[in-house]
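Heads up: the structure comes next, in structure tokens.
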Amino acid sequence: MTADDPVGAYFAAVNAEDWDALALLWEPDAELTAAGARPRHGREEILAYYPRVLSGYAEHLDVPTRRITEGATVVAEIRFTGRTVSGRPVVFDAVDVFDLVAGRIRKLTTWYDTAAVSRQVRGA
């Protein structure tokens, strides 16, 4: 899963925490806008985001459940399942919108209910 399927390769890399493989998928001047977080610009800033945001999880898995492709844009519905380092289960649905250029991610925007996820992480 590479340039032929950068979205599939993205999920494989994030799930495996393979940051080297993830780095290869992004354009140098890419953008990431994750729900509840400030926008990230550039490959280095984006790659620093993932280990930090996932460090609170002992286990995590993003499973794309549906993909819609229109030109160079891919919309993926996702089911996230995980367990925090303190043992709390976390499950939620999300939508990722990928804008691709020549087999690489130019822009990614993620959408999910940040308040509901926060309640699960806190155990509320």
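Every chain in the structure tokens takes a letter, A first, then B, and so on in the order presented; its residues are numbered from 1, and the ligands are numbered from 1 following the presented order.
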
Per-residue nearest contacts of stretch 34-88 of chain A to stretch 7-24 of chain A (8 Å; only C-alpha atoms) as JSON lines:
```
{"residue": "A:Arg43", "atom": "CA", "partner": "A:Ala23", "partner_atom": "CA", "distance": 7.0}
{"residue": "A:Leu47", "atom": "CA", "partner": "A:Ala23", "partner_atom": "CA", "distance": 6.7}
{"residue": "A:Tyr50", "atom": "CA", "partner": "A:Val14", "partner_atom": "CA", "distance": 7.8}
{"residue": "A:Pro51", "atom": "CA", "partner": "A:Glu17", "partner_atom": "CA", "distance": 7.7}
{"residue": "A:His60", "atom": "CA", "partner": "A:Asn15", "partner_atom": "CA", "distance": 6.8}
{"residue": "A:Leu61", "atom": "CA", "partner": "A:Asn15", "partner_atom": "CA", "distance": 5.5}
{"residue": "A:Asp62", "atom": "CA", "partner": "A:Asn15", "partner_atom": "CA", "distance": 6.5}
{"residue": "A:Val63", "atom": "CA", "partner": "A:Phe11", "partner_atom": "CA", "distance": 7.5}
{"residue": "A:Pro64", "atom": "CA", "partner": "A:Phe11", "partner_atom": "CA", "distance": 7.9}
{"residue": "A:Val74", "atom": "CA", "partner": "A:Val7", "partner_atom": "CA", "distance": 7.7}
```

Practice task
For stretch 112-118 of chain A, list every protein, DNA or RNA residue within 8 Å, evaluated using only C-alpha atoms, and leave out those in the same chain fewer than 3 positions away; present the list as a PyMOL selection string.
Solution key: chain A and resi 35-36+90-95+121-122

Using only N, CA and C atoms, please write the residues we just selected to a file, as a compact mmCIF listing (two decimals), in the first residue's frame.
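The resulting file, out.txt, is reproduced below:
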```
# COMPACT_ATOMS: atom_id res chain seq x y z
N ALA A 35 -9.66 17.33 14.59
CA ALA A 35 -10.70 17.87 15.45
C ALA A 35 -10.13 18.18 16.83
N GLY A 36 -10.42 19.38 17.31
CA GLY A 36 -10.01 19.77 18.65
C GLY A 36 -8.55 20.16 18.79
N VAL A 90 -12.00 3.00 24.75
CA VAL A 90 -12.42 4.17 23.98
C VAL A 90 -12.86 3.68 22.61
N VAL A 91 -14.09 4.05 22.23
CA VAL A 91 -14.65 3.65 20.95
C VAL A 91 -15.40 4.86 20.38
N PHE A 92 -15.10 5.19 19.13
CA PHE A 92 -15.84 6.28 18.49
C PHE A 92 -15.74 6.17 16.98
N ASP A 93 -16.66 6.87 16.32
CA ASP A 93 -16.65 6.96 14.86
C ASP A 93 -16.08 8.30 14.46
N ALA A 94 -15.42 8.33 13.31
CA ALA A 94 -14.81 9.55 12.80
C ALA A 94 -14.92 9.58 11.29
N VAL A 95 -14.66 10.75 10.75
CA VAL A 95 -14.59 10.92 9.29
C VAL A 95 -13.28 11.63 8.98
N VAL A 121 -12.04 8.95 27.70
CA VAL A 121 -10.64 8.93 28.15
C VAL A 121 -10.55 9.23 29.65
N ARG A 122 -11.37 10.18 30.12
CA ARG A 122 -11.38 10.54 31.55
C ARG A 122 -12.13 9.54 32.41
```

Practice task
Excluding A:Pro28 and residues on its chain fewer than 2 positions from it, collect all residues at most 9 Å away from it, counting only C-alpha atoms, and give them as JSON, numbers by chain.
Solution key: {"A": [26, 30, 42, 43, 44, 106]}

How would the residues just chosen look if you wrote them out with N, CA and C atoms as a PDB file, in the first residue's frame?
```pdb
ATOM      1  N   TRP A  26       3.250  11.739   3.094  1.00  0.00           N
ATOM      2  CA  TRP A  26       2.877  13.152   3.143  1.00  0.00           C
ATOM      3  C   TRP A  26       3.709  14.001   2.190  1.00  0.00           C
ATOM      4  N   ALA A  30       2.461  19.562   3.467  1.00  0.00           N
ATOM      5  CA  ALA A  30       1.109  19.084   3.764  1.00  0.00           C
ATOM      6  C   ALA A  30       0.489  19.827   4.948  1.00  0.00           C
ATOM      7  N   GLY A  42       3.295  21.232   7.325  1.00  0.00           N
ATOM      8  CA  GLY A  42       4.585  20.645   7.011  1.00  0.00           C
ATOM      9  C   GLY A  42       4.725  19.249   7.578  1.00  0.00           C
ATOM     10  N   ARG A  43       5.442  18.418   6.852  1.00  0.00           N
ATOM     11  CA  ARG A  43       5.601  17.003   7.202  1.00  0.00           C
ATOM     12  C   ARG A  43       6.140  16.812   8.623  1.00  0.00           C
ATOM     13  N   GLU A  44       7.159  17.566   9.019  1.00  0.00           N
ATOM     14  CA  GLU A  44       7.777  17.367  10.340  1.00  0.00           C
ATOM     15  C   GLU A  44       6.794  17.659  11.468  1.00  0.00           C
ATOM     16  N   ARG A 106      -1.795  15.586   0.663  1.00  0.00           N
ATOM     17  CA  ARG A 106      -1.555  17.031   0.656  1.00  0.00           C
ATOM     18  C   ARG A 106      -2.245  17.688   1.849  1.00  0.00           C
TER      19      ARG A 106
END
```

Practice task
To one decimal in Å, tell me the separation between atom CA of A:Ala34 and atom CA of A:Asp4.
Solution key: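 Answer for the atom CA of A:Ala34 to atom CA of A:Asp4 separation: 24.3 Å.
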
Distance query A:Thr84 at most 7 Å, only C-alpha atoms, self and fewer than 6 positions along chain excluded, as a PDB file with C-alpha atoms, in the first residue's frame:
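As written to disk, around.pdb reads:
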```pdb
ATOM      1  CA  GLY A  56      -2.160   7.926  25.930  1.00  0.00           C
ATOM      2  CA  TYR A  57      -3.283   4.664  24.351  1.00  0.00           C
ATOM      3  CA  ALA A  58      -1.972   1.226  25.234  1.00  0.00           C
ATOM      4  CA  GLU A  59      -3.903  -0.065  22.205  1.00  0.00           C
ATOM      5  CA  VAL A 121     -10.643   8.926  28.145  1.00  0.00           C
TER       6      VAL A 121
END
```

Exercise for the section: Using only C-alpha atoms, find the one residue out of A:Ala76, A:Leu108, A:Ile68, A:Ala37 that sits nearest to A:Val53. Expected result: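 Of the candidates, the smallest distance to A:Val53 is held by A:Ala37.
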
Quick one: residues within 8 Å of A:Pro89, only C-alpha atoms, excluding same-chain residues fewer than 6 positions away - as a CSV table (one decimal) with N, CA and C atoms, in the first residue's frame?
```csv
chain,number,residue,atom,x,y,z
A,81,THR,N,-11.2,2.0,17.9
A,81,THR,CA,-11.3,1.3,19.1
A,81,THR,C,-9.9,1.3,19.8
A,82,GLY,N,-9.9,1.5,21.1
A,82,GLY,CA,-8.7,1.5,21.8
A,82,GLY,C,-8.8,1.3,23.3
A,83,ARG,N,-7.7,1.4,24.0
A,83,ARG,CA,-7.7,1.3,25.4
A,83,ARG,C,-6.6,2.2,25.9
A,120,GLN,N,-14.8,9.6,27.5
A,120,GLN,CA,-14.3,8.2,27.6
A,120,GLN,C,-12.9,8.1,28.2
A,121,VAL,N,-12.0,9.0,27.7
A,121,VAL,CA,-10.6,8.9,28.1
A,121,VAL,C,-10.6,9.2,29.6
```

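Nearest residue to A:Thr65, choosing from A:Val85, A:Ile78, A:Ala48, A:Leu25 and counting only C-alpha atoms: A:Ile78.
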
Exercise for the section: Measure the distance from atom CA of A:Arg52 to atom CA of A:Trp111 in Å and round it to one decimal. Expected result: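 Computing the Euclidean distance for atom CA of A:Arg52 and atom CA of A:Trp111 yields 18.3 Å.
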
Exercise for the section: Find the residues around A:Phe98 up to 7 Å (only C-alpha atoms counted), leave out those fewer than 6 positions away in its own chain, and share them as a ChimeraX atom specification. Expected result: /A:73-75,105,107-109

I need the residues from that last selection saved to file as a short mmCIF file (atom, residue, chain, number, x, y, z; two decimals), in the first residue's frame (with N, CA, C and O atoms), if you can.
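Saved to selection.cif:
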```cif
data_model
loop_
_atom_site.label_atom_id
_atom_site.label_comp_id
_atom_site.auth_asym_id
_atom_site.auth_seq_id
_atom_site.Cartn_x
_atom_site.Cartn_y
_atom_site.Cartn_z
N THR A 73 -9.83 13.31 -3.97
CA THR A 73 -10.29 13.41 -2.58
C THR A 73 -10.88 12.07 -2.16
O THR A 73 -11.67 11.48 -2.88
N VAL A 74 -10.48 11.62 -0.97
CA VAL A 74 -11.02 10.38 -0.40
C VAL A 74 -11.60 10.71 0.97
O VAL A 74 -10.93 11.31 1.81
N VAL A 75 -12.86 10.32 1.17
CA VAL A 75 -13.52 10.46 2.46
C VAL A 75 -13.61 9.06 3.06
O VAL A 75 -14.09 8.13 2.41
N ILE A 105 -0.39 12.49 0.54
CA ILE A 105 -1.39 13.28 1.25
C ILE A 105 -0.96 14.75 1.23
O ILE A 105 0.11 15.09 1.72
N LYS A 107 -3.45 17.18 2.16
CA LYS A 107 -4.23 17.73 3.28
C LYS A 107 -5.10 16.63 3.86
O LYS A 107 -5.66 15.82 3.14
N LEU A 108 -5.17 16.61 5.19
CA LEU A 108 -6.05 15.68 5.90
C LEU A 108 -6.81 16.47 6.95
O LEU A 108 -6.22 17.22 7.73
N THR A 109 -8.12 16.29 6.94
CA THR A 109 -8.98 16.89 7.96
C THR A 109 -9.73 15.76 8.64
O THR A 109 -10.28 14.89 7.97
#
```

Exercise for the section: Using atom CA of A:Arg119 and atom CA of A:Arg88 as the two end points, give the distance in Å to one decimal. Expected result: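 It comes out at 10.5 Å.
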
Practice task
Apply DSSP to the structure's backbone, then extract all residues of stretch 9-122 of chain A labelled strand (DSSP E or B) and return them as a count of residues only.
Solution key: 57

Exercise for the section: List every residue of chain A that DSSP, applied to the backbone of this structure, assigns to helix (DSSP H, G or I), and report them as JSON, numbers by chain. Expected result: {"A": [6, 7, 8, 9, 10, 11, 12, 13, 14, 15, 16, 19, 20, 21, 22, 23, 43, 44, 45, 46, 47, 48, 49, 50, 51, 52, 53, 54, 114, 115, 116, 117, 118, 119, 120, 121, 122]}
